[in-house]
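Shown here: run01.pdb, PDB, C-alpha atoms, pLDDT in the B column.
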```pdb
ATOM      1  CA  MET A  18      33.536  -9.168  68.460  1.00 52.00           C
ATOM      2  CA  THR A  19      29.972  -7.882  68.360  1.00 53.00           C
ATOM      3  CA  SER A  20      27.552 -10.444  67.012  1.00 55.00           C
ATOM      4  CA  LEU A  21      25.010  -9.440  64.377  1.00 52.00           C
ATOM      5  CA  PRO A  22      21.375  -9.440  65.451  1.00 53.00           C
ATOM      6  CA  LEU A  23      19.374 -12.418  64.310  1.00 52.00           C
ATOM      7  CA  LEU A  24      16.540 -11.838  61.817  1.00 50.00           C
ATOM      8  CA  GLU A  25      13.072 -12.405  63.171  1.00 51.00           C
ATOM      9  CA  PRO A  26      11.320 -15.530  61.967  1.00 54.00           C
ATOM     10  CA  ALA A  27       8.606 -14.920  59.371  1.00 51.00           C
ATOM     11  CA  SER A  28       5.979 -15.831  61.970  1.00 52.00           C
ATOM     12  CA  GLN A  29       7.066 -12.824  64.062  1.00 55.00           C
ATOM     13  CA  VAL A  30       6.622 -10.279  61.166  1.00 51.00           C
ATOM     14  CA  PRO A  31       3.697  -8.067  62.154  1.00 56.00           C
ATOM     15  CA  PRO A  32       0.470  -9.311  60.536  1.00 54.00           C
ATOM     16  CA  ASP A  33      -0.390  -5.807  59.303  1.00 54.00           C
ATOM     17  CA  THR A  34       2.803  -5.764  57.228  1.00 52.00           C
ATOM     18  CA  ARG A  35       1.939  -9.076  55.540  1.00 51.00           C
ATOM     19  CA  CYS A  36      -1.596  -7.876  54.782  1.00 52.00           C
ATOM     20  CA  PHE A  37      -0.260  -4.644  53.258  1.00 55.00           C
ATOM     21  CA  ASP A  38       2.101  -6.572  50.985  1.00 72.00           C
ATOM     22  CA  GLU A  39      -0.641  -8.925  49.833  1.00 75.00           C
ATOM     23  CA  ALA A  40      -3.034  -6.070  49.177  1.00 74.00           C
ATOM     24  CA  ALA A  41      -0.405  -4.134  47.231  1.00 73.00           C
ATOM     25  CA  ALA A  42       0.401  -7.186  45.110  1.00 72.00           C
ATOM     26  CA  ALA A  43      -3.280  -7.782  44.367  1.00 73.00           C
ATOM     27  CA  GLN A  44      -3.733  -4.132  43.458  1.00 75.00           C
ATOM     28  CA  MET A  45      -0.722  -4.289  41.135  1.00 76.00           C
ATOM     29  CA  GLU A  46      -2.112  -7.386  39.424  1.00 77.00           C
ATOM     30  CA  ARG A  47      -5.427  -5.612  38.865  1.00 75.00           C
ATOM     31  CA  PHE A  48      -3.577  -2.592  37.478  1.00 69.00           C
ATOM     32  CA  VAL A  49      -1.570  -4.749  35.047  1.00 74.00           C
ATOM     33  CA  ARG A  50      -4.737  -6.533  33.872  1.00 74.00           C
ATOM     34  CA  ASP A  51      -6.625  -3.264  33.394  1.00 67.00           C
ATOM     35  CA  PHE A  52      -3.687  -1.662  31.606  1.00 65.00           C
ATOM     36  CA  GLY A  53      -3.367  -4.660  29.297  1.00 68.00           C
ATOM     37  CA  ARG A  54      -7.085  -4.554  28.498  1.00 68.00           C
ATOM     38  CA  MET A  55      -6.987  -0.802  27.794  1.00 71.00           C
ATOM     39  CA  TYR A  56      -3.893  -1.260  25.611  1.00 60.00           C
ATOM     40  CA  ARG A  57      -5.621  -3.975  23.574  1.00 69.00           C
ATOM     41  CA  GLU A  58      -8.781  -1.891  23.229  1.00 65.00           C
ATOM     42  CA  ARG A  59      -6.735   1.126  22.149  1.00 60.00           C
ATOM     43  CA  ASN A  60      -4.878  -0.889  19.512  1.00 62.00           C
ATOM     44  CA  GLU A  61      -8.113  -2.400  18.228  1.00 68.00           C
ATOM     45  CA  ALA A  62      -9.682   1.063  17.979  1.00 63.00           C
ATOM     46  CA  LEU A  63      -6.657   2.336  16.056  1.00 64.00           C
ATOM     47  CA  ARG A  64      -6.850  -0.647  13.701  1.00 66.00           C
ATOM     48  CA  GLU A  65     -10.534   0.027  13.048  1.00 68.00           C
ATOM     49  CA  VAL A  66      -9.923   3.735  12.414  1.00 65.00           C
ATOM     50  CA  THR A  67      -7.016   2.892  10.073  1.00 73.00           C
ATOM     51  CA  ARG A  68      -9.121   0.304   8.265  1.00 70.00           C
ATOM     52  CA  ALA A  69     -12.016   2.734   7.835  1.00 67.00           C
ATOM     53  CA  HIS A  70      -9.605   5.396   6.565  1.00 69.00           C
ATOM     54  CA  HIS A  71      -8.083   2.875   4.160  1.00 77.00           C
ATOM     55  CA  ALA A  72     -11.489   1.803   2.863  1.00 73.00           C
ATOM     56  CA  ALA A  73     -12.524   5.434   2.330  1.00 70.00           C
ATOM     57  CA  LEU A  74      -9.351   6.144   0.349  1.00 76.00           C
ATOM     58  CA  LEU A  75      -9.874   3.028  -1.769  1.00 75.00           C
ATOM     59  CA  HIS A  76     -13.412   4.161  -2.576  1.00 67.00           C
ATOM     60  CA  LEU A  77     -12.043   7.561  -3.533  1.00 72.00           C
ATOM     61  CA  SER A  78      -9.450   5.798  -5.709  1.00 72.00           C
ATOM     62  CA  ALA A  79     -12.245   3.758  -7.295  1.00 73.00           C
ATOM     63  CA  ALA A  80     -14.153   6.962  -8.036  1.00 70.00           C
ATOM     64  CA  ALA A  81     -11.053   8.337  -9.749  1.00 68.00           C
ATOM     65  CA  ASP A  82     -10.546   5.063 -11.613  1.00 69.00           C
ATOM     66  CA  LEU A  83     -14.147   4.982 -12.829  1.00 65.00           C
ATOM     67  CA  LYS A  84     -13.451   8.225 -14.655  1.00 63.00           C
ATOM     68  CA  ASP A  85     -10.878   6.312 -16.705  1.00 60.00           C
ATOM     69  CA  ASP A  86     -12.143   2.711 -16.555  1.00 56.00           C
ATOM     70  CA  ASP A  87     -15.765   1.588 -16.765  1.00 51.00           C
ATOM     71  CA  THR A  88     -15.263  -1.423 -14.496  1.00 52.00           C
ATOM     72  CA  GLY A  89     -13.115  -0.018 -11.694  1.00 67.00           C
ATOM     73  CA  VAL A  90     -11.378  -3.397 -11.251  1.00 84.00           C
ATOM     74  CA  HIS A  91      -8.073  -1.967 -12.497  1.00 88.00           C
ATOM     75  CA  ILE A  92      -7.050  -0.686  -9.068  1.00 89.00           C
ATOM     76  CA  VAL A  93      -7.801  -4.046  -7.441  1.00 90.00           C
ATOM     77  CA  ARG A  94      -5.658  -5.851 -10.016  1.00 94.00           C
ATOM     78  CA  ILE A  95      -2.827  -3.384  -9.472  1.00 95.00           C
ATOM     79  CA  GLY A  96      -2.737  -4.294  -5.775  1.00 94.00           C
ATOM     80  CA  TYR A  97      -2.497  -8.030  -6.324  1.00 95.00           C
ATOM     81  CA  LEU A  98      -0.116  -7.796  -9.283  1.00 97.00           C
ATOM     82  CA  ALA A  99       2.205  -5.460  -7.370  1.00 97.00           C
ATOM     83  CA  GLU A 100       2.230  -7.907  -4.446  1.00 97.00           C
ATOM     84  CA  ALA A 101       3.050 -10.839  -6.747  1.00 98.00           C
ATOM     85  CA  LEU A 102       5.837  -8.944  -8.501  1.00 98.00           C
ATOM     86  CA  ALA A 103       7.328  -7.782  -5.190  1.00 98.00           C
ATOM     87  CA  LEU A 104       7.473 -11.390  -3.997  1.00 98.00           C
ATOM     88  CA  ALA A 105       9.040 -12.487  -7.292  1.00 98.00           C
ATOM     89  CA  LEU A 106      11.698  -9.820  -6.726  1.00 98.00           C
ATOM     90  CA  GLY A 107      12.541 -11.374  -3.350  1.00 98.00           C
ATOM     91  CA  GLN A 108      10.889  -8.775  -1.139  1.00 98.00           C
ATOM     92  CA  THR A 109       9.507  -9.845   2.217  1.00 97.00           C
ATOM     93  CA  VAL A 110       5.920 -10.990   2.625  1.00 96.00           C
ATOM     94  CA  GLY A 111       5.276  -7.975   4.856  1.00 95.00           C
ATOM     95  CA  TYR A 112       6.543  -5.523   2.241  1.00 97.00           C
ATOM     96  CA  ALA A 113       4.584  -7.220  -0.559  1.00 97.00           C
ATOM     97  CA  ARG A 114       1.394  -7.254   1.508  1.00 94.00           C
ATOM     98  CA  MET A 115       1.728  -3.558   2.297  1.00 93.00           C
ATOM     99  CA  LEU A 116       2.301  -2.791  -1.392  1.00 96.00           C
ATOM    100  CA  ARG A 117      -0.863  -4.736  -2.234  1.00 94.00           C
ATOM    101  CA  LYS A 118      -2.779  -2.357   0.024  1.00 91.00           C
ATOM    102  CA  ALA A 119      -0.956   0.816  -1.064  1.00 93.00           C
ATOM    103  CA  ALA A 120      -0.592   0.425  -4.853  1.00 94.00           C
ATOM    104  CA  PRO A 121      -4.341   0.602  -5.624  1.00 92.00           C
ATOM    105  CA  MET A 122      -4.262   4.256  -4.553  1.00 91.00           C
ATOM    106  CA  HIS A 123      -1.633   5.143  -7.180  1.00 93.00           C
ATOM    107  CA  ASP A 124      -4.006   7.220  -9.337  1.00 90.00           C
ATOM    108  CA  ILE A 125      -6.147   8.717  -6.589  1.00 90.00           C
ATOM    109  CA  GLY A 126      -5.085  12.184  -7.792  1.00 90.00           C
ATOM    110  CA  LYS A 127      -7.109  11.684 -11.004  1.00 88.00           C
ATOM    111  CA  ILE A 128     -10.182  12.554  -8.946  1.00 87.00           C
ATOM    112  CA  GLY A 129      -9.092  16.151  -9.556  1.00 87.00           C
ATOM    113  CA  THR A 130      -8.399  15.764 -13.290  1.00 87.00           C
ATOM    114  CA  PRO A 131     -11.123  17.210 -15.563  1.00 88.00           C
ATOM    115  CA  ASP A 132     -13.028  14.637 -17.616  1.00 84.00           C
ATOM    116  CA  SER A 133     -12.342  16.719 -20.711  1.00 86.00           C
ATOM    117  CA  VAL A 134      -8.671  15.803 -20.272  1.00 88.00           C
ATOM    118  CA  LEU A 135      -8.976  12.338 -18.760  1.00 81.00           C
ATOM    119  CA  LYS A 136     -11.469  11.032 -21.326  1.00 80.00           C
ATOM    120  CA  LYS A 137     -10.194  12.844 -24.380  1.00 82.00           C
ATOM    121  CA  PRO A 138     -10.003  10.276 -27.213  1.00 78.00           C
ATOM    122  CA  GLY A 139      -7.284  12.088 -29.152  1.00 79.00           C
ATOM    123  CA  LYS A 140      -3.803  13.348 -28.368  1.00 85.00           C
ATOM    124  CA  LEU A 141      -3.489  15.779 -25.472  1.00 88.00           C
ATOM    125  CA  THR A 142      -2.262  19.303 -26.039  1.00 92.00           C
ATOM    126  CA  PRO A 143       0.826  20.409 -24.050  1.00 91.00           C
ATOM    127  CA  GLU A 144      -1.470  22.257 -21.635  1.00 93.00           C
ATOM    128  CA  GLU A 145      -3.721  19.227 -21.222  1.00 91.00           C
ATOM    129  CA  ARG A 146      -0.692  16.992 -20.697  1.00 92.00           C
ATOM    130  CA  GLN A 147       0.500  19.310 -17.940  1.00 92.00           C
ATOM    131  CA  THR A 148      -2.935  19.136 -16.319  1.00 91.00           C
ATOM    132  CA  MET A 149      -2.876  15.344 -16.541  1.00 92.00           C
ATOM    133  CA  ASN A 150       0.596  15.148 -15.037  1.00 92.00           C
ATOM    134  CA  CYS A 151      -0.558  17.062 -11.963  1.00 93.00           C
ATOM    135  CA  HIS A 152      -2.418  13.975 -10.709  1.00 92.00           C
ATOM    136  CA  ALA A 153       0.745  12.416  -9.245  1.00 94.00           C
ATOM    137  CA  ALA A 154       1.475  15.295  -6.880  1.00 94.00           C
ATOM    138  CA  MET A 155      -2.240  15.751  -6.226  1.00 91.00           C
ATOM    139  CA  GLY A 156      -2.537  12.113  -5.213  1.00 90.00           C
ATOM    140  CA  ALA A 157       0.355  12.413  -2.765  1.00 92.00           C
ATOM    141  CA  GLU A 158      -1.291  15.525  -1.332  1.00 91.00           C
ATOM    142  CA  ILE A 159      -4.634  13.750  -0.867  1.00 87.00           C
ATOM    143  CA  LEU A 160      -2.948  10.853   0.918  1.00 87.00           C
ATOM    144  CA  GLY A 161      -1.088  13.312   3.122  1.00 80.00           C
ATOM    145  CA  ARG A 162       1.864  12.820   5.408  1.00 75.00           C
ATOM    146  CA  SER A 163       0.493  10.060   7.573  1.00 78.00           C
ATOM    147  CA  HIS A 164       2.622   8.301  10.182  1.00 82.00           C
ATOM    148  CA  ILE A 165       0.841   5.040   9.281  1.00 84.00           C
ATOM    149  CA  PRO A 166       3.161   2.950   7.066  1.00 88.00           C
ATOM    150  CA  VAL A 167       0.599   1.858   4.457  1.00 89.00           C
ATOM    151  CA  PHE A 168      -0.471   5.445   3.800  1.00 89.00           C
ATOM    152  CA  ARG A 169       3.127   6.637   3.672  1.00 92.00           C
ATOM    153  CA  MET A 170       3.798   3.994   1.033  1.00 94.00           C
ATOM    154  CA  ALA A 171       0.604   4.903  -0.849  1.00 93.00           C
ATOM    155  CA  ALA A 172       1.666   8.560  -1.004  1.00 94.00           C
ATOM    156  CA  GLU A 173       5.106   7.460  -2.188  1.00 96.00           C
ATOM    157  CA  VAL A 174       3.557   5.325  -4.944  1.00 97.00           C
ATOM    158  CA  ALA A 175       1.159   8.064  -6.034  1.00 96.00           C
ATOM    159  CA  LEU A 176       3.993  10.561  -6.285  1.00 97.00           C
ATOM    160  CA  THR A 177       6.569   8.372  -8.056  1.00 97.00           C
ATOM    161  CA  HIS A 178       4.825   5.802 -10.287  1.00 97.00           C
ATOM    162  CA  HIS A 179       5.214   8.095 -13.309  1.00 97.00           C
ATOM    163  CA  GLU A 180       8.914   8.698 -12.791  1.00 98.00           C
ATOM    164  CA  ARG A 181      11.067   6.998 -15.438  1.00 98.00           C
ATOM    165  CA  TYR A 182      14.201   4.963 -14.950  1.00 98.00           C
ATOM    166  CA  ASP A 183      16.001   7.220 -17.477  1.00 98.00           C
ATOM    167  CA  GLY A 184      15.027  10.368 -15.568  1.00 97.00           C
ATOM    168  CA  GLN A 185      12.542  11.642 -18.155  1.00 97.00           C
ATOM    169  CA  GLY A 186       9.436  11.126 -16.035  1.00 96.00           C
ATOM    170  CA  TYR A 187       7.434  13.351 -13.719  1.00 95.00           C
ATOM    171  CA  PRO A 188       6.904  15.121 -11.377  1.00 96.00           C
ATOM    172  CA  ALA A 189      10.488  15.270 -10.059  1.00 96.00           C
ATOM    173  CA  GLY A 190      12.547  13.742 -12.889  1.00 96.00           C
ATOM    174  CA  LEU A 191      13.987  11.052 -10.610  1.00 97.00           C
ATOM    175  CA  SER A 192      16.071   8.302 -12.221  1.00 97.00           C
ATOM    176  CA  GLY A 193      17.296   4.794 -11.464  1.00 97.00           C
ATOM    177  CA  GLU A 194      17.132   3.638  -7.877  1.00 96.00           C
ATOM    178  CA  ALA A 195      16.413   7.168  -6.683  1.00 98.00           C
ATOM    179  CA  ILE A 196      12.842   6.210  -7.565  1.00 98.00           C
ATOM    180  CA  PRO A 197      11.404   4.279  -4.596  1.00 98.00           C
ATOM    181  CA  LEU A 198      11.004   0.560  -5.203  1.00 98.00           C
ATOM    182  CA  SER A 199       7.263   0.792  -4.554  1.00 98.00           C
ATOM    183  CA  GLY A 200       6.928   3.299  -7.395  1.00 98.00           C
ATOM    184  CA  ARG A 201       9.117   1.262  -9.754  1.00 98.00           C
ATOM    185  CA  ILE A 202       7.096  -1.909  -9.155  1.00 98.00           C
ATOM    186  CA  THR A 203       3.740  -0.186  -9.467  1.00 98.00           C
ATOM    187  CA  ALA A 204       4.817   1.548 -12.681  1.00 98.00           C
ATOM    188  CA  VAL A 205       5.487  -1.809 -14.369  1.00 98.00           C
ATOM    189  CA  VAL A 206       2.267  -3.537 -13.325  1.00 98.00           C
ATOM    190  CA  ASP A 207       0.232  -0.405 -14.091  1.00 96.00           C
ATOM    191  CA  PHE A 208       1.734  -0.230 -17.593  1.00 97.00           C
ATOM    192  CA  PHE A 209       1.005  -3.877 -18.359  1.00 97.00           C
ATOM    193  CA  ASP A 210      -2.489  -3.865 -16.893  1.00 95.00           C
ATOM    194  CA  ALA A 211      -3.429  -0.612 -18.645  1.00 92.00           C
ATOM    195  CA  LEU A 212      -2.250  -1.988 -22.009  1.00 95.00           C
ATOM    196  CA  THR A 213      -4.346  -5.137 -21.663  1.00 94.00           C
ATOM    197  CA  MET A 214      -7.627  -3.320 -20.934  1.00 89.00           C
ATOM    198  CA  ASP A 215      -9.888  -1.259 -23.173  1.00 79.00           C
ATOM    199  CA  ARG A 216      -9.453   2.484 -22.832  1.00 76.00           C
ATOM    200  CA  VAL A 217     -11.601   5.316 -24.116  1.00 69.00           C
ATOM    201  CA  TYR A 218      -8.959   6.164 -26.718  1.00 70.00           C
ATOM    202  CA  ARG A 219      -8.019   2.585 -27.860  1.00 79.00           C
ATOM    203  CA  PRO A 220      -8.935  -1.107 -27.528  1.00 86.00           C
ATOM    204  CA  ALA A 221      -6.919  -3.499 -25.367  1.00 89.00           C
ATOM    205  CA  PHE A 222      -3.643  -4.877 -26.673  1.00 95.00           C
ATOM    206  CA  ALA A 223      -3.120  -8.639 -26.793  1.00 96.00           C
ATOM    207  CA  VAL A 224      -0.927  -9.941 -23.956  1.00 97.00           C
ATOM    208  CA  PRO A 225       2.052 -10.867 -26.221  1.00 97.00           C
ATOM    209  CA  VAL A 226       2.001  -7.379 -27.710  1.00 97.00           C
ATOM    210  CA  ALA A 227       1.815  -5.799 -24.234  1.00 97.00           C
ATOM    211  CA  LEU A 228       4.805  -7.871 -23.123  1.00 98.00           C
ATOM    212  CA  GLU A 229       6.788  -6.765 -26.183  1.00 98.00           C
ATOM    213  CA  MET A 230       5.942  -3.138 -25.401  1.00 98.00           C
ATOM    214  CA  LEU A 231       7.031  -3.641 -21.804  1.00 98.00           C
ATOM    215  CA  ALA A 232      10.324  -5.212 -22.885  1.00 98.00           C
ATOM    216  CA  ALA A 233      10.945  -2.261 -25.228  1.00 98.00           C
ATOM    217  CA  GLU A 234      10.868   0.084 -22.202  1.00 98.00           C
ATOM    218  CA  ARG A 235      13.443  -1.929 -20.255  1.00 98.00           C
ATOM    219  CA  GLY A 236      16.060   0.490 -18.928  1.00 97.00           C
ATOM    220  CA  ARG A 237      14.149   3.444 -20.350  1.00 97.00           C
ATOM    221  CA  ALA A 238      10.847   3.908 -18.562  1.00 98.00           C
ATOM    222  CA  PHE A 239      11.306   0.937 -16.250  1.00 98.00           C
ATOM    223  CA  ASP A 240      13.900  -0.678 -14.000  1.00 98.00           C
ATOM    224  CA  PRO A 241      15.501  -3.463 -16.081  1.00 98.00           C
ATOM    225  CA  VAL A 242      15.636  -5.889 -13.151  1.00 98.00           C
ATOM    226  CA  ILE A 243      11.924  -5.425 -12.480  1.00 98.00           C
ATOM    227  CA  VAL A 244      11.071  -5.819 -16.180  1.00 98.00           C
ATOM    228  CA  ASP A 245      13.176  -8.990 -16.428  1.00 98.00           C
ATOM    229  CA  THR A 246      11.495 -10.420 -13.334  1.00 98.00           C
ATOM    230  CA  PHE A 247       8.052  -9.572 -14.684  1.00 98.00           C
ATOM    231  CA  LEU A 248       8.806 -11.212 -18.040  1.00 98.00           C
ATOM    232  CA  ALA A 249      10.192 -14.308 -16.305  1.00 98.00           C
ATOM    233  CA  HIS A 250       6.911 -14.657 -14.387  1.00 98.00           C
ATOM    234  CA  ALA A 251       4.620 -13.239 -17.079  1.00 98.00           C
ATOM    235  CA  GLU A 252       2.462 -16.343 -17.460  1.00 97.00           C
ATOM    236  CA  ALA A 253       1.696 -16.561 -13.737  1.00 97.00           C
ATOM    237  CA  ILE A 254       1.168 -12.808 -13.408  1.00 97.00           C
ATOM    238  CA  ASP A 255      -1.230 -12.720 -16.366  1.00 97.00           C
ATOM    239  CA  ALA A 256      -3.112 -15.705 -14.952  1.00 97.00           C
ATOM    240  CA  LEU A 257      -3.497 -13.767 -11.695  1.00 96.00           C
ATOM    241  CA  ARG A 258      -4.711 -10.740 -13.676  1.00 96.00           C
ATOM    242  CA  CYS A 259      -7.406 -12.826 -15.335  1.00 95.00           C
ATOM    243  CA  LYS A 260      -8.398 -14.434 -12.027  1.00 95.00           C
ATOM    244  CA  ILE A 261      -8.824 -11.048 -10.321  1.00 93.00           C
ATOM    245  CA  THR A 262     -10.895  -9.789 -13.267  1.00 91.00           C
ATOM    246  CA  GLN A 263     -13.219 -12.800 -13.034  1.00 90.00           C
ATOM    247  CA  GLU A 264     -13.564 -12.825  -9.243  1.00 88.00           C
ATOM    248  CA  CYS A 265     -13.353  -9.050  -8.700  1.00 83.00           C
ATOM    249  CA  PRO A 266     -12.417  -9.214  -4.985  1.00 81.00           C
ATOM    250  CA  SER A 267     -13.898  -6.568  -2.713  1.00 77.00           C
ATOM    251  CA  PHE A 268     -11.908  -3.824  -1.044  1.00 77.00           C
ATOM    252  CA  ASP A 269     -12.367  -5.723   2.223  1.00 78.00           C
ATOM    253  CA  ALA A 270     -10.542  -8.692   0.704  1.00 77.00           C
ATOM    254  CA  LEU A 271      -7.801  -6.400  -0.582  1.00 75.00           C
ATOM    255  CA  ILE A 272      -7.301  -4.918   2.894  1.00 78.00           C
ATOM    256  CA  ASP A 273      -7.797  -8.034   5.017  1.00 76.00           C
ATOM    257  CA  ALA A 274      -6.310 -10.881   2.970  1.00 71.00           C
ATOM    258  CA  PRO A 275      -3.256 -12.401   4.700  1.00 70.00           C
TER     259      PRO A 275
END
```
Structure re-expressed in structure tokens:
Amino acid sequence: MTSLPLLEPASQVPPDTRCFDEAAAAQMERFVRDFGRMYRERNEALREVTRAHHAALLHLSAAADLKDDDTGVHIVRIGYLAEALALALGQTVGYARMLRKAAPMHDIGKIGTPDSVLKKPGKLTPEERQTMNCHAAMGAEILGRSHIPVFRMAAEVALTHHERYDGQGYPAGLSGEAIPLSGRITAVVDFFDALTMDRVYRPAFAVPVALEMLAAERGRAFDPVIVDTFLAHAEAIDALRCKITQECPSFDALIDAP
């Protein structure tokens, strides 16, 4: 039987081979470190670009809101109230946080609505109502078809927060759960918050009256489960509304708060 050759001891491996292996390993370590640093820098740059884009869109939303609200705090309240309601509905913290950042852009399309329509104190004509209703699709168009989740949700909210649970809303006449959850949540908090603030065409309603009006739209304009959840947490949600009005958090806080 032919015996197998014995392996050379490590001490007999040519020195040049050992040096090559050590150099290659060191080079690979440097490559991994550099790649990791570049990856972190890239992600940080993307976060900063996204944040700047987000801030710009919020300022545009504020400009649209100022056409319809002298204080501009409405959009900030909508973000925090939508987050609170999403959590009360059992949604994840991540989903609720994203909705807080997306919901304030719900009426961004009003930037393109003429003041003669937006600030008209009396009833709108059918033509003026049609012009007003265009802001939902216009808002989705402004927000675009971004691959970034928060902007995708914002476009979804802008497009669907005026759909009605009974299918009589606009722009697409969606009904029930065909309306995205983000739009259904935002619709409820927007309705309540708008009722409890002064508008150019009427003074604010008292909170109990606003809650009665919300309950009357259960299963009609709004998802009954969402309305029931809102009513069950109405005291806490209204307290949050008042707190946001008093403190008026900045857009930075809205974007960056954990």
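With atom CA of Glu144 of chain A on one side and atom CA of Tyr187 of chain A on the other, the separation reads 14.9 Å.
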Could you write out as a compact mmCIF listing (two decimals) with C-alpha atoms, in the frame of the given file the residues that the PyMOL selection byres ((chain A and resi 132-141) around 9) matches in the shown file?
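What follows is the written file part.txt:
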```
# COMPACT_ATOMS: atom_id res chain seq x y z
CA LYS A 84 -13.45 8.22 -14.66
CA ASP A 85 -10.88 6.31 -16.70
CA LYS A 127 -7.11 11.68 -11.00
CA THR A 130 -8.40 15.76 -13.29
CA PRO A 131 -11.12 17.21 -15.56
CA THR A 142 -2.26 19.30 -26.04
CA PRO A 143 0.83 20.41 -24.05
CA GLU A 144 -1.47 22.26 -21.64
CA GLU A 145 -3.72 19.23 -21.22
CA ARG A 146 -0.69 16.99 -20.70
CA THR A 148 -2.94 19.14 -16.32
CA MET A 149 -2.88 15.34 -16.54
CA ARG A 216 -9.45 2.48 -22.83
CA VAL A 217 -11.60 5.32 -24.12
CA TYR A 218 -8.96 6.16 -26.72
CA ARG A 219 -8.02 2.58 -27.86
```
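The interatomic distance for the pair atom CA of Ala157 of chain A and atom CA of Ile92 of chain A works out to 16.3 Å.
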Item to complete: Mind checking which residues fall within 12 Å of Gln108 of chain A, counting only C-alpha atoms, ignoring those fewer than 5 positions away in the same chain, and posting them as a list in words?
Response: Ala99, Glu100, Ala101, Leu102, Ala103, Ala113, Arg114, Met115, Leu116, Leu198, Ser199, Ile202 and Ile243 of chain A
Can I get the selected residues back with C-alpha atoms, as an mmCIF file, keeping the file's coordinate frame?
```cif
data_model
loop_
_atom_site.group_PDB
_atom_site.id
_atom_site.type_symbol
_atom_site.label_atom_id
_atom_site.label_comp_id
_atom_site.auth_asym_id
_atom_site.auth_seq_id
_atom_site.Cartn_x
_atom_site.Cartn_y
_atom_site.Cartn_z
ATOM 1 C CA ALA A 99 2.205 -5.460 -7.370
ATOM 2 C CA GLU A 100 2.230 -7.907 -4.446
ATOM 3 C CA ALA A 101 3.050 -10.839 -6.747
ATOM 4 C CA LEU A 102 5.837 -8.944 -8.501
ATOM 5 C CA ALA A 103 7.328 -7.782 -5.190
ATOM 6 C CA ALA A 113 4.584 -7.220 -0.559
ATOM 7 C CA ARG A 114 1.394 -7.254 1.508
ATOM 8 C CA MET A 115 1.728 -3.558 2.297
ATOM 9 C CA LEU A 116 2.301 -2.791 -1.392
ATOM 10 C CA LEU A 198 11.004 0.560 -5.203
ATOM 11 C CA SER A 199 7.263 0.792 -4.554
ATOM 12 C CA ILE A 202 7.096 -1.909 -9.155
ATOM 13 C CA ILE A 243 11.924 -5.425 -12.480
#
```
Worksheet item: Could you pull the residues within 12 Å of Gly129 of chain A, counting all atoms listed in the file, minus those fewer than 4 positions along the same chain, as a list in words?
Response: Leu77, Ser78, Ala80, Ala81, Asp82, Lys84, Asp124, Ile125, Ser133, Val134, Leu135, Thr148, Met149, Asn150, Cys151, His152, Ala153, Ala154, Met155, Gly156, Glu158 and Ile159 of chain A
Could you write those residues out with C-alpha atoms, as an mmCIF file, in the coordinates of the input?
```cif
data_model
loop_
_atom_site.group_PDB
_atom_site.id
_atom_site.type_symbol
_atom_site.label_atom_id
_atom_site.label_comp_id
_atom_site.auth_asym_id
_atom_site.auth_seq_id
_atom_site.Cartn_x
_atom_site.Cartn_y
_atom_site.Cartn_z
ATOM 1 C CA LEU A 77 -12.043 7.561 -3.533
ATOM 2 C CA SER A 78 -9.450 5.798 -5.709
ATOM 3 C CA ALA A 80 -14.153 6.962 -8.036
ATOM 4 C CA ALA A 81 -11.053 8.337 -9.749
ATOM 5 C CA ASP A 82 -10.546 5.063 -11.613
ATOM 6 C CA LYS A 84 -13.451 8.225 -14.655
ATOM 7 C CA ASP A 124 -4.006 7.220 -9.337
ATOM 8 C CA ILE A 125 -6.147 8.717 -6.589
ATOM 9 C CA SER A 133 -12.342 16.719 -20.711
ATOM 10 C CA VAL A 134 -8.671 15.803 -20.272
ATOM 11 C CA LEU A 135 -8.976 12.338 -18.760
ATOM 12 C CA THR A 148 -2.935 19.136 -16.319
ATOM 13 C CA MET A 149 -2.876 15.344 -16.541
ATOM 14 C CA ASN A 150 0.596 15.148 -15.037
ATOM 15 C CA CYS A 151 -0.558 17.062 -11.963
ATOM 16 C CA HIS A 152 -2.418 13.975 -10.709
ATOM 17 C CA ALA A 153 0.745 12.416 -9.245
ATOM 18 C CA ALA A 154 1.475 15.295 -6.880
ATOM 19 C CA MET A 155 -2.240 15.751 -6.226
ATOM 20 C CA GLY A 156 -2.537 12.113 -5.213
ATOM 21 C CA GLU A 158 -1.291 15.525 -1.332
ATOM 22 C CA ILE A 159 -4.634 13.750 -0.867
#
```
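Residue nearest Arg237 of chain A, chosen from A:Asp255, A:Gly193, A:Asp183, A:Phe268 and counting only C-alpha atoms: A:Asp183.
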Practice prompt. Pick out the residues sitting within 12 Å of segment 257-264 of chain A, and hand them over as a ChimeraX atom specification; count only C-alpha atoms, and ignore anything fewer than 5 positions along from it in its own chain.
Written response: /A:88-102,206-207,209-211,213-214,224,250-252,270-271
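Between atom CA of Ile272 of chain A and atom CA of Leu75 of chain A lies a distance of 9.6 Å.
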Could you work out an axis-aligned bounding box for all listed atoms of segment 233-252 of chain A, with 8 Å added on each of the six sides, and give its centre and edge lengths in Å to one decimal, as lines of an AutoDock Vina configuration file?
```
center_x = 9.3
center_y = -6.2
center_z = -18.9
size_x = 29.6
size_y = 36.3
size_z = 28.7
```
Worksheet item: What does the PyMOL selection byres ((chain A and resi 226-233) around 9) select in this file, as a PyMOL selection string?
Response: chain A and resi 205+208-210+212-213+222-225+234-237+239+241+244-245+248+251
Discussion item. Which residues would end up in the selection if the PyMOL selection byres ((chain A and resi 171) around 8) were applied here, given that I need the answer as a PyMOL selection string?
Written reply: chain A and resi 116+119-120+122-123+157+160+167-170+172-175
Practice prompt. Select, from A:Ala204, A:Ile165, A:Ala195, A:Ala253, the residue with the minimum atom-to-atom distance to His71 of chain A, counting only C-alpha atoms.
Written response: A:Ile165
